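Structure file run_3.cif; described as mmCIF, C-alpha atoms.
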```cif
data_data
#
loop_
_atom_site.label_atom_id
_atom_site.label_comp_id
_atom_site.auth_asym_id
_atom_site.auth_seq_id
_atom_site.Cartn_x
_atom_site.Cartn_y
_atom_site.Cartn_z
CA MET A 18 3.70 43.62 55.79
CA SER A 19 3.97 39.92 56.05
CA GLN A 20 1.27 37.41 55.16
CA THR A 21 0.83 34.21 57.02
CA ALA A 22 0.37 31.02 55.12
CA ASP A 23 -3.25 29.93 55.50
CA THR A 24 -2.98 26.54 53.89
CA VAL A 25 -5.24 23.80 55.12
CA ARG A 26 -3.94 20.39 54.36
CA ILE A 27 -6.83 18.06 53.65
CA LYS A 28 -6.29 14.35 53.68
CA PRO A 29 -6.70 12.96 50.14
CA ASP A 30 -10.10 11.42 49.59
CA TRP A 31 -9.61 8.40 47.36
CA ASN A 32 -13.19 7.20 47.54
CA PRO A 33 -15.10 7.86 44.31
CA SER A 34 -17.72 10.54 44.63
CA ARG A 35 -19.05 11.03 41.12
CA LEU A 36 -19.44 9.44 37.75
CA HIS A 37 -19.35 11.31 34.46
CA VAL A 38 -21.21 9.79 31.55
CA GLY A 39 -20.96 11.57 28.23
CA ILE A 40 -21.85 11.30 24.60
CA ASP A 41 -19.49 12.47 21.87
CA VAL A 42 -21.32 15.38 20.25
CA SER A 43 -18.56 15.97 17.71
CA ARG A 44 -19.16 12.47 16.32
CA LEU A 45 -22.91 13.10 16.13
CA MET A 46 -22.26 16.39 14.35
CA GLY A 47 -19.83 14.66 12.00
CA THR A 48 -22.47 12.04 11.22
CA ALA A 49 -24.98 14.77 10.43
CA ILE A 50 -22.61 16.87 8.33
CA LYS A 51 -20.42 14.31 6.57
CA PRO A 52 -22.41 12.00 4.29
CA HIS A 53 -19.59 9.45 4.06
CA LYS A 54 -19.25 8.96 7.80
CA SER A 55 -21.46 7.70 10.59
CA SER A 56 -20.10 7.43 14.06
CA LEU A 57 -21.14 7.19 17.66
CA GLY A 58 -18.96 7.65 20.71
CA GLY A 59 -19.18 8.01 24.45
CA MET A 60 -17.15 8.34 27.61
CA ILE A 61 -17.34 7.46 31.26
CA ASP A 62 -15.05 8.44 34.12
CA LEU A 63 -14.85 8.01 37.86
CA ASP A 64 -12.91 10.21 40.28
CA PHE A 65 -10.27 9.09 42.79
CA HIS A 66 -8.92 12.10 44.68
CA ARG A 67 -7.51 14.33 41.89
CA PHE A 68 -7.38 11.47 39.42
CA LEU A 69 -10.03 10.09 37.11
CA LEU A 70 -10.21 6.62 35.68
CA ALA A 71 -11.56 7.23 32.19
CA PHE A 72 -12.94 5.12 29.38
CA GLU A 73 -13.92 6.23 25.91
CA GLY A 74 -15.32 4.14 23.12
CA GLY A 75 -17.26 4.20 19.93
CA VAL A 76 -18.14 2.72 16.60
CA GLU A 77 -17.41 4.19 13.20
CA GLN A 78 -18.45 3.45 9.64
CA ILE A 79 -16.91 5.18 6.65
CA ASN A 80 -18.01 4.88 3.06
CA ARG A 81 -15.98 7.04 0.70
CA ILE A 82 -17.33 6.99 -2.84
CA LYS A 83 -15.08 8.77 -5.28
CA THR A 84 -13.40 7.23 -8.32
CA TYR A 85 -13.06 4.31 -5.90
CA GLU A 86 -15.27 3.02 -3.13
CA TYR A 87 -13.67 2.56 0.25
CA THR A 88 -15.65 1.19 3.18
CA ASN A 89 -14.35 0.85 6.69
CA GLN A 90 -16.22 -0.21 9.79
CA GLY A 91 -15.03 -0.93 13.27
CA ALA A 92 -14.96 -0.02 16.93
CA PHE A 93 -12.45 1.51 19.30
CA LEU A 94 -11.86 1.63 23.04
CA LYS A 95 -9.59 3.95 25.00
CA TRP A 96 -8.80 3.86 28.67
CA GLY A 97 -6.48 5.74 30.97
CA ILE A 98 -6.03 8.28 33.73
CA ASP A 99 -6.75 12.02 33.93
CA TYR A 100 -5.26 14.40 36.48
CA ASN A 101 -7.44 17.30 37.56
CA LEU A 102 -5.45 20.56 37.62
CA ILE A 103 -8.19 22.62 39.31
CA PRO A 104 -9.75 20.45 42.03
CA SER A 105 -10.75 23.54 44.01
CA ASN A 106 -13.18 24.84 41.41
CA GLU A 107 -16.50 25.49 43.11
CA TYR A 108 -18.56 24.55 40.02
CA ARG A 109 -16.72 21.23 39.62
CA ASN A 110 -15.34 22.52 36.35
CA MET A 111 -12.20 20.73 35.39
CA ILE A 112 -9.02 21.20 33.43
CA SER A 113 -7.11 17.97 33.26
CA LEU A 114 -4.18 16.30 31.64
CA GLY A 115 -4.60 12.69 30.66
CA LEU A 116 -3.06 9.66 29.13
CA ARG A 117 -4.90 6.99 27.15
CA TYR A 118 -4.13 3.63 25.68
CA ALA A 119 -6.32 3.10 22.63
CA GLN A 120 -7.26 0.03 20.64
CA SER A 121 -9.22 -0.28 17.44
CA ARG A 122 -10.52 -3.27 15.54
CA PHE A 123 -11.97 -2.95 12.08
CA SER A 124 -12.49 -4.35 8.59
CA ASP A 125 -12.28 -2.47 5.32
CA GLN A 126 -12.71 -2.92 1.60
CA LEU A 127 -11.49 -1.10 -1.50
CA ASP A 128 -13.22 -1.38 -4.89
CA PHE A 129 -12.02 0.42 -7.98
CA THR A 130 -11.61 0.11 -11.72
CA GLN A 131 -8.30 0.69 -13.40
CA GLU A 132 -7.62 1.49 -17.02
CA ASN A 133 -4.71 -0.65 -18.09
CA LEU A 134 -2.96 -0.24 -21.43
CA TRP A 135 -2.46 -4.00 -21.73
CA PHE A 136 -5.27 -5.63 -19.81
CA GLY A 137 -8.07 -3.16 -20.51
CA THR A 138 -10.46 -2.01 -17.80
CA GLN A 139 -10.01 -4.06 -14.67
CA THR A 140 -12.45 -4.15 -11.80
CA LEU A 141 -10.49 -4.76 -8.63
CA GLN A 142 -11.60 -5.56 -5.12
CA PHE A 143 -9.47 -5.90 -1.99
CA SER A 144 -10.47 -6.38 1.61
CA ASN A 145 -9.02 -6.73 5.09
CA GLN A 146 -10.73 -8.55 7.94
CA ASN A 147 -10.17 -8.01 11.66
CA ILE A 148 -7.33 -5.53 11.51
CA SER A 149 -6.24 -4.23 14.90
CA ALA A 150 -4.40 -1.05 15.78
CA HIS A 151 -3.28 0.44 19.05
CA TRP A 152 -1.77 3.76 20.03
CA THR A 153 -1.26 6.19 22.91
CA GLU A 154 -2.90 9.56 23.46
CA ILE A 155 -1.98 12.61 25.51
CA LEU A 156 -5.00 14.70 26.40
CA LEU A 157 -5.88 18.17 27.55
CA ARG A 158 -9.46 18.18 28.70
CA LEU A 159 -11.84 20.94 29.79
CA ASN A 160 -15.16 20.26 31.53
CA VAL A 161 -17.45 23.23 31.99
CA GLN A 162 -20.74 23.23 33.84
CA VAL A 163 -23.53 24.55 31.65
CA TRP A 164 -26.58 23.68 33.74
CA LYS A 165 -26.89 21.89 37.10
CA ASN A 166 -25.40 18.44 36.47
CA VAL A 167 -24.84 18.96 32.76
CA PHE A 168 -21.32 19.71 31.56
CA LEU A 169 -19.68 20.36 28.24
CA GLY A 170 -16.37 18.64 27.82
CA SER A 171 -13.84 19.37 25.14
CA VAL A 172 -10.82 17.20 24.63
CA LEU A 173 -7.73 18.02 22.62
CA ARG A 174 -5.73 14.89 22.01
CA ILE A 175 -2.34 14.15 20.54
CA GLU A 176 -2.19 10.62 19.20
CA ILE A 177 1.18 8.94 18.96
CA MET A 178 2.98 5.55 18.91
CA LYS A 179 0.56 3.89 16.50
CA ASN A 180 0.95 0.24 15.64
CA ILE A 181 -1.21 -1.65 13.18
CA SER A 182 -1.39 -5.38 12.54
CA ALA A 183 -0.37 -6.71 9.13
CA PRO A 184 -3.27 -6.16 6.73
CA ASP A 185 -4.48 -9.00 4.49
CA GLN A 186 -4.57 -7.29 1.10
CA PHE A 187 -3.98 -3.56 1.29
CA ILE A 188 -3.04 -0.84 3.71
CA PRO A 189 -6.10 0.69 5.38
CA PHE A 190 -6.77 4.34 4.69
CA ASP A 191 -8.67 5.05 7.92
CA ILE A 192 -8.47 3.67 11.44
CA PRO A 193 -11.61 4.07 13.60
CA GLY A 194 -10.79 6.23 16.61
CA TRP A 195 -7.51 7.45 15.11
CA GLY A 196 -8.54 9.02 11.81
CA ARG A 197 -6.65 8.92 8.54
CA HIS A 198 -3.82 6.44 8.47
CA TRP A 199 -2.14 7.93 5.38
CA LYS A 200 -1.06 11.42 4.53
CA SER A 201 -0.58 10.48 0.88
CA GLY A 202 1.04 7.70 -1.09
CA THR A 203 2.94 5.54 1.35
CA ASP A 204 3.54 8.49 3.65
CA GLU A 205 2.15 7.24 6.93
CA LYS A 206 0.75 9.51 9.63
CA THR A 207 2.82 8.66 12.67
CA ALA A 208 1.13 11.27 14.84
CA ASN A 209 -2.29 12.80 14.76
CA MET A 210 -4.20 15.54 16.50
CA GLY A 211 -7.82 14.98 17.43
CA PHE A 212 -10.65 16.86 19.02
CA SER A 213 -13.74 15.59 20.80
CA TYR A 214 -16.67 17.42 22.24
CA TYR A 215 -18.72 15.70 24.92
CA LEU A 216 -22.07 16.41 26.49
CA ILE A 217 -21.65 15.02 29.99
CA TYR A 218 -24.03 14.21 32.82
CA HIS A 219 -22.59 14.34 36.32
CA PHE A 220 -23.87 11.62 38.70
CA SER A 221 -22.90 12.35 42.27
CA PHE A 222 -22.80 9.50 44.85
CA ARG A 223 -21.92 11.64 47.78
CA GLU A 224 -20.76 15.09 48.71
CA LYS A 225 -17.03 15.49 48.44
CA GLU A 226 -15.32 18.36 50.12
CA ILE A 227 -13.80 20.81 47.67
CA PRO A 228 -10.17 21.37 48.67
CA LEU A 229 -9.34 24.92 49.65
CA LYS A 230 -7.08 26.99 47.48
CA LYS A 231 -3.68 27.72 48.85
CA ILE A 232 -3.33 31.34 49.99
CA LYS A 233 0.14 32.74 49.57
CA MET B 12 -14.11 32.15 35.23
CA ARG B 13 -17.04 30.22 33.84
CA PHE B 14 -17.16 32.42 30.76
CA TRP B 15 -13.49 31.95 30.05
CA LEU B 16 -13.63 28.20 30.46
CA PHE B 17 -16.58 28.14 28.10
CA PHE B 18 -14.76 30.38 25.67
CA LEU B 19 -11.69 28.15 25.80
CA SER B 20 -13.82 25.13 25.14
CA PHE B 21 -14.98 26.60 21.88
CA GLY B 22 -11.49 27.87 21.15
CA PHE B 23 -10.29 24.31 20.91
CA CYS B 24 -12.26 23.95 17.72
CA LEU B 25 -9.57 26.04 16.05
CA PHE B 26 -7.12 23.24 16.61
CA GLU B 27 -8.91 21.01 14.14
CA SER B 28 -6.29 20.42 11.49
CA CYS B 29 -6.81 20.42 7.76
CA ASN B 30 -5.20 17.92 5.43
CA GLU B 31 -3.44 19.14 2.32
CA VAL B 32 -4.96 18.16 -0.99
CA GLU B 33 -2.48 16.21 -3.07
CA ASP B 34 -1.83 16.88 -6.76
CA CYS B 35 -3.00 13.61 -8.34
CA THR B 36 -0.76 14.07 -11.38
CA LEU B 37 2.15 13.45 -9.00
CA ASP B 38 0.99 9.87 -8.36
CA PRO B 39 4.29 8.04 -9.00
CA TYR B 40 2.89 4.52 -9.21
CA GLY B 41 2.54 2.78 -12.56
CA ASN B 42 1.33 -0.73 -13.41
CA TYR B 43 4.46 -1.67 -15.32
CA ALA B 44 8.16 -2.12 -14.77
CA VAL B 45 10.66 -0.54 -17.14
CA ALA B 46 13.53 -2.41 -18.76
CA THR B 47 16.19 -0.95 -21.01
CA PHE B 48 18.40 -2.92 -23.35
CA ASP B 49 22.09 -2.26 -23.52
CA MET B 50 24.79 -3.97 -25.50
CA LEU B 51 27.67 -5.39 -23.54
CA SER B 52 29.96 -3.17 -25.59
CA GLY B 53 28.51 -0.24 -23.65
CA GLU B 54 26.84 1.37 -26.63
CA SER B 55 23.07 1.58 -26.50
CA LYS B 56 21.59 -0.16 -29.44
CA ILE B 57 18.13 -0.51 -30.86
CA ILE B 58 16.83 -4.04 -30.45
CA ALA B 59 14.09 -5.51 -32.62
CA PHE B 60 12.04 -8.50 -31.43
CA ASP B 61 9.68 -10.50 -33.58
CA SER B 62 7.30 -10.77 -30.69
CA ILE B 63 7.13 -10.49 -26.93
CA ILE B 64 4.74 -12.82 -25.15
CA LEU B 65 3.53 -12.37 -21.58
CA GLU B 66 2.54 -15.82 -20.37
CA GLY B 67 -1.11 -16.03 -19.46
CA PHE B 68 -1.89 -12.91 -21.44
CA GLY B 69 -0.44 -13.23 -24.94
CA ARG B 70 1.41 -10.99 -27.27
CA LEU B 71 2.14 -7.50 -26.04
CA PRO B 72 1.05 -4.67 -28.32
CA GLY B 73 3.88 -2.77 -30.01
CA ASP B 74 6.28 -5.66 -29.62
CA ARG B 75 7.58 -5.46 -33.18
CA ASP B 76 8.79 -1.92 -32.77
CA THR B 77 12.46 -1.37 -32.55
CA LEU B 78 13.30 -0.80 -28.97
CA ILE B 79 15.88 0.53 -26.65
CA GLY B 80 13.60 -0.03 -23.71
CA MET B 81 10.33 -1.69 -22.89
CA LEU B 82 7.45 -1.41 -20.49
CA LEU B 83 6.70 -4.70 -18.74
CA PRO B 84 3.07 -4.91 -17.60
CA LEU B 85 2.60 -6.49 -14.19
CA PRO B 86 -0.73 -8.27 -13.61
CA VAL B 87 -2.00 -7.31 -10.16
CA GLU B 88 -3.71 -10.68 -9.58
CA ASN B 89 -0.38 -12.54 -9.85
CA THR B 90 2.97 -12.38 -8.07
CA GLU B 91 5.04 -13.34 -11.11
CA ALA B 92 5.10 -12.28 -14.76
CA VAL B 93 6.99 -14.32 -17.38
CA PHE B 94 8.00 -12.61 -20.59
CA ASN B 95 9.31 -14.46 -23.65
CA TYR B 96 11.22 -12.43 -26.21
CA TYR B 97 11.37 -13.96 -29.67
CA THR B 98 13.83 -12.93 -32.35
CA ASP B 99 14.20 -14.69 -35.69
CA SER B 100 16.95 -16.83 -34.24
CA SER B 101 16.59 -16.99 -30.47
CA LEU B 102 14.29 -16.91 -27.47
CA TYR B 103 15.00 -14.97 -24.31
CA SER B 104 12.96 -15.36 -21.16
CA LEU B 105 12.50 -13.12 -18.17
CA ALA B 106 10.47 -14.08 -15.09
CA ILE B 107 9.80 -11.22 -12.70
CA GLY B 108 8.56 -11.82 -9.16
CA TYR B 109 6.91 -8.93 -7.32
CA LYS B 110 4.56 -7.88 -4.58
CA SER B 111 1.67 -5.51 -5.08
CA GLN B 112 -0.17 -3.25 -2.70
CA PRO B 113 -3.33 -1.33 -3.60
CA LEU B 114 -3.52 2.06 -1.98
CA ILE B 115 -5.37 5.31 -2.06
CA TYR B 116 -2.59 7.70 -3.04
CA ASP B 117 -4.65 10.58 -1.78
CA LEU B 118 -8.28 10.98 -0.80
CA TYR B 119 -9.10 12.92 -3.96
CA CYS B 120 -7.01 10.84 -6.38
CA GLU B 121 -7.78 7.55 -8.03
CA ALA B 122 -6.85 4.39 -6.18
CA THR B 123 -3.62 2.96 -7.45
CA ILE B 124 -1.36 -0.04 -7.05
CA ARG B 125 2.19 -0.02 -5.82
CA PHE B 126 4.48 -2.76 -7.15
CA TYR B 127 7.57 -3.44 -5.06
CA ASP B 128 10.17 -6.08 -4.19
CA LEU B 129 10.76 -6.70 -7.89
CA ASP B 130 13.14 -9.56 -8.50
CA THR B 131 14.00 -11.97 -11.29
CA SER B 132 13.34 -15.64 -10.65
CA TYR B 133 14.68 -16.58 -14.07
CA GLN B 134 16.29 -14.82 -17.03
CA SER B 135 18.20 -16.01 -20.10
CA PHE B 136 19.84 -12.80 -21.24
CA ASP B 137 23.59 -12.39 -21.07
CA SER B 138 23.15 -10.45 -17.87
CA LEU B 139 20.59 -8.38 -16.07
CA VAL B 140 20.90 -5.70 -13.40
CA ILE B 141 18.03 -4.75 -11.10
CA VAL B 142 18.31 -0.98 -10.91
CA GLY B 143 15.15 -0.35 -8.94
CA SER B 144 13.09 -2.90 -7.06
CA GLU B 145 10.02 -0.69 -6.85
CA VAL B 146 7.85 0.78 -9.57
CA HIS B 147 8.15 4.43 -8.70
CA LEU B 148 8.28 6.77 -11.64
CA ASP B 149 9.91 9.58 -9.65
CA TYR B 150 12.67 7.75 -7.80
CA VAL B 151 13.38 4.78 -10.08
CA PRO B 152 12.35 5.42 -13.69
CA ILE B 153 14.17 2.22 -14.78
CA ASN B 154 13.85 -1.13 -13.01
CA PHE B 155 15.97 -3.49 -15.13
CA GLU B 156 19.00 -3.06 -17.36
CA ILE B 157 19.23 -6.00 -19.71
CA TYR B 158 22.47 -6.78 -21.49
CA LEU B 159 22.63 -8.77 -24.73
#
```
Any chance you could put this one into structure tokens?
Amino acid sequence: MSQTADTVRIKPDWNPSRLHVGIDVSRLMGTAIKPHKSSLGGMIDLDFHRFLLAFEGGVEQINRIKTYEYTNQGAFLKWGIDYNLIPSNEYRNMISLGLRYAQSRFSDQLDFTQENLWFGTQTLQFSNQNISAHWTEILLRLNVQVWKNVFLGSVLRIEIMKNISAPDQFIPFDIPGWGRHWKSGTDEKTANMGFSYYLIYHFSFREKEIPLKKIK
Amino acid sequence: MRFWLFFLSFGFCLFESCNEVEDCTLDPYGNYAVATFDMLSGESKIIAFDSIILEGFGRLPGDRDTLIGMLLPLPVENTEAVFNYYTDSSLYSLAIGYKSQPLIYDLYCEATIRFYDLDTSYQSFDSLVIVGSEVHLDYVPINFEIYL
């Protein structure tokens, strides 16, 4: 028995219909759990047909106190495009693939004492001012409606192609928005995997027709 | 569908990666360069100096010991260290230029300093060979071979 194709071709609607504004819950949880780290992040995106113009940003402060004291504070901004893979979802849930360009600007300082056979105990201090870093991210994002206009968004990101400006006095250990810069020693992390968890509010400007699924 | 999307959202948490903890005893960075003394005849010979002076610091401890090699301390606040080797009849000088870079070898280890781009801006020995231009105790246990 043959089936007839019942595909309705809808003209792409490029006018924005909704705005997502979210707060990075994973950063809030990290601030609550990790005593050395305080961080705040958020996101905003706007739809254009199946695409979303997305911005993410945040501030981060790290204070690692071990046998040394390392402080790092700065801000980051990421922007790019997402492509919605399930535009026909009736709940406006979303699975999307995305690309981001990310920039970070920060300052850091390292204080430590070193036992030296010849010079005795030395107290050393090094600092970097206005370091900048930029990189690219590939994202897989899930948005799930939990209640009316409230969504949970989880983002798995692969961070690559990192570049960092020449530091003043020492090589930074952390980069806000990227994570740890070093694996160990002078072994640099050239790629990184990150995870963010957003609580998102969905602002709708107008009703946008949900495209029909193709019936084979 | 909603359940599965929700489930997948939480499932992503599993992707959070863990970083390996480094063995701090493997930290290969020292705060000194290493020089060995060799006779031009090719036979290693014990050398005795009356004193070895690091300019700006003074006499190095243990300098009167008989030596086949010597640790050369590198002050982190400078980019050059000048050593004067006194024997009863002569004076040898060695000026080492270098760069230094503080780093956290690993999160759980002590902060350390990497010395690299070692070079000699002046030396009055018969000859000197730079074997390793970085202080790295694993890869380059000797930095200078000095011939008398």
Picked residues, the PyMOL selection byres ((chain B and resi 124) around 7), as a list in words: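 Written out, the selection comes to Tyr40, Asn42, Ser111, Gln112, Pro113, Leu114, Thr123, Arg125 and Phe126 of chain B.
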Could the residues in this selection be saved with C-alpha atoms as a PDB file, in the coordinates of the input?
```pdb
ATOM      1  CA  TYR B  40       2.890   4.520  -9.210  1.00  0.00           C
ATOM      2  CA  ASN B  42       1.330  -0.730 -13.410  1.00  0.00           C
ATOM      3  CA  SER B 111       1.670  -5.510  -5.080  1.00  0.00           C
ATOM      4  CA  GLN B 112      -0.170  -3.250  -2.700  1.00  0.00           C
ATOM      5  CA  PRO B 113      -3.330  -1.330  -3.600  1.00  0.00           C
ATOM      6  CA  LEU B 114      -3.520   2.060  -1.980  1.00  0.00           C
ATOM      7  CA  THR B 123      -3.620   2.960  -7.450  1.00  0.00           C
ATOM      8  CA  ARG B 125       2.190  -0.020  -5.820  1.00  0.00           C
ATOM      9  CA  PHE B 126       4.480  -2.760  -7.150  1.00  0.00           C
TER      10      PHE B 126
END
```
Please write as a PyMOL selection string the full residue list that the PyMOL selection byres ((chain B and resi 121) around 6) yields on this file. (chain A and resi 84) or (chain B and resi 120+122)
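Residue membership of the PyMOL selection byres ((chain B and resi 142-157) around 8) in the shown file amounts to B:Pro39, B:Tyr40, B:Gly41, B:Asn42, B:Tyr43, B:Ala44, B:Val45, B:Ala46, B:Thr47, B:Phe48, B:Asp49, B:Arg125, B:Phe126, B:Tyr127, B:Asp128, B:Leu129, B:Asp130, B:Phe136, B:Asp137, B:Ser138, B:Leu139, B:Val140, B:Ile141, B:Tyr158, B:Leu159.
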Expected file contents, prior selection, C-alpha atoms, as a short mmCIF file (atom, residue, chain, number, x, y, z; two decimals), keeping the file's coordinate frame:
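Here's the written file result.cif:
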```cif
data_model
loop_
_atom_site.label_atom_id
_atom_site.label_comp_id
_atom_site.auth_asym_id
_atom_site.auth_seq_id
_atom_site.Cartn_x
_atom_site.Cartn_y
_atom_site.Cartn_z
CA PRO B 39 4.29 8.04 -9.00
CA TYR B 40 2.89 4.52 -9.21
CA GLY B 41 2.54 2.78 -12.56
CA ASN B 42 1.33 -0.73 -13.41
CA TYR B 43 4.46 -1.67 -15.32
CA ALA B 44 8.16 -2.12 -14.77
CA VAL B 45 10.66 -0.54 -17.14
CA ALA B 46 13.53 -2.41 -18.76
CA THR B 47 16.19 -0.95 -21.01
CA PHE B 48 18.40 -2.92 -23.35
CA ASP B 49 22.09 -2.26 -23.52
CA ARG B 125 2.19 -0.02 -5.82
CA PHE B 126 4.48 -2.76 -7.15
CA TYR B 127 7.57 -3.44 -5.06
CA ASP B 128 10.17 -6.08 -4.19
CA LEU B 129 10.76 -6.70 -7.89
CA ASP B 130 13.14 -9.56 -8.50
CA PHE B 136 19.84 -12.80 -21.24
CA ASP B 137 23.59 -12.39 -21.07
CA SER B 138 23.15 -10.45 -17.87
CA LEU B 139 20.59 -8.38 -16.07
CA VAL B 140 20.90 -5.70 -13.40
CA ILE B 141 18.03 -4.75 -11.10
CA TYR B 158 22.47 -6.78 -21.49
CA LEU B 159 22.63 -8.77 -24.73
#
```
In the coordinates of the file, take the point (-1.3, -11.6, -15.1) and a cut-off of 7 Å; then, counting all atoms listed in the file, name each qualifying protein, DNA or RNA residue as a list in words.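 Collected hits near the coordinates: Gly67, Phe68, Leu85, Pro86, Val87, Glu88, Asn89 and Ala92 of chain B.
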Distance filter 8 Å, all atoms listed in the file, chain A against chain B, as a list in words: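 Interface list for chain A against chain B: Lys83, Thr84, Tyr85, Phe129, Gln131, Asn133, Trp135, Phe143, Leu159, Val161, Gln162, Gly170, Ser171, Leu173, Gln186, Phe187, Ile188, Pro189, Phe190, Lys200, Ser201, Gly202, Thr203, Met210, Gly211 and Phe212 of chain A.
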Using only C-alpha atoms, which residues sit within 8 Å of range 107-120 of chain A once same-chain residues fewer than 2 positions away are excluded, as a list in words? Phe93, Leu94, Lys95, Trp96, Gly97, Ile98, Asp99, Tyr100, Asn101, Leu102, Ile103, Pro104, Ser105, Arg122, Ser149, Ala150, His151, Trp152, Thr153, Glu154, Ile155, Leu156, Leu157, Arg158, Leu159, Asn160, Val161, Gln162 and Ile227 of chain A
Can you work out the spacing between CA of Leu45 in chain A and CA of Asp62 in chain A in Å, to one decimal?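 Interatomic distance, CA of Leu45 in chain A to CA of Asp62 in chain A: 20.2 Å.
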A straight line from CA of Val93 in chain B to CA of Thr140 in chain A spans 22.6 Å
Expected residue set, 9 Å radius at (-17.3, 10.6, 40.6), only C-alpha atoms, as a list in words: Asn32, Pro33, Ser34, Arg35, Leu36, His37, Asp62, Leu63, Asp64, Phe65, Leu69, His219, Phe220, Ser221, Phe222 and Arg223 of chain A
Measure the distance from CA of Ile79 in chain A to CA of His53 in chain A in Å and round it to one decimal.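 Result for CA of Ile79 in chain A versus CA of His53 in chain A: 5.7 Å, one decimal.
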Using all atoms listed in the file, which protein or nucleic acid residues come within 10 Å of Ser124 in chain A? Drop anything in the same chain fewer than 6 positions from it, and give the result as a PyMOL selection string. chain A and resi 78+88-92+144-149+184+189+192-193
List as an MDAnalysis selection string the protein and nucleic acid residues near Pro29 in chain A, meaning an atom at most 10 Å away when only C-alpha atoms are counted, but skip any in the same chain fewer than 6 places from it. chainID A and resid 65:67 228
With C-alpha atoms kept, could you save the residues just selected as a PDB file, in the frame of the given file?
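Result written to selection11.pdb:
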```
ATOM      1  CA  PHE A  65     -10.270   9.090  42.790  1.00  0.00           C
ATOM      2  CA  HIS A  66      -8.920  12.100  44.680  1.00  0.00           C
ATOM      3  CA  ARG A  67      -7.510  14.330  41.890  1.00  0.00           C
ATOM      4  CA  PRO A 228     -10.170  21.370  48.670  1.00  0.00           C
TER       5      PRO A 228
END
```
Give me, as number ranges by chain, all polymer residues having an atom no more than 8 Å from Thr98 in chain B, counting all atoms listed in the file and skipping those fewer than 5 positions away in the same chain. B: 59-62
Hey, which of A:Phe123, A:Phe72, A:Trp164, A:Tyr215 ends up closest to Arg44 in chain A? Count only C-alpha atoms. A:Tyr215
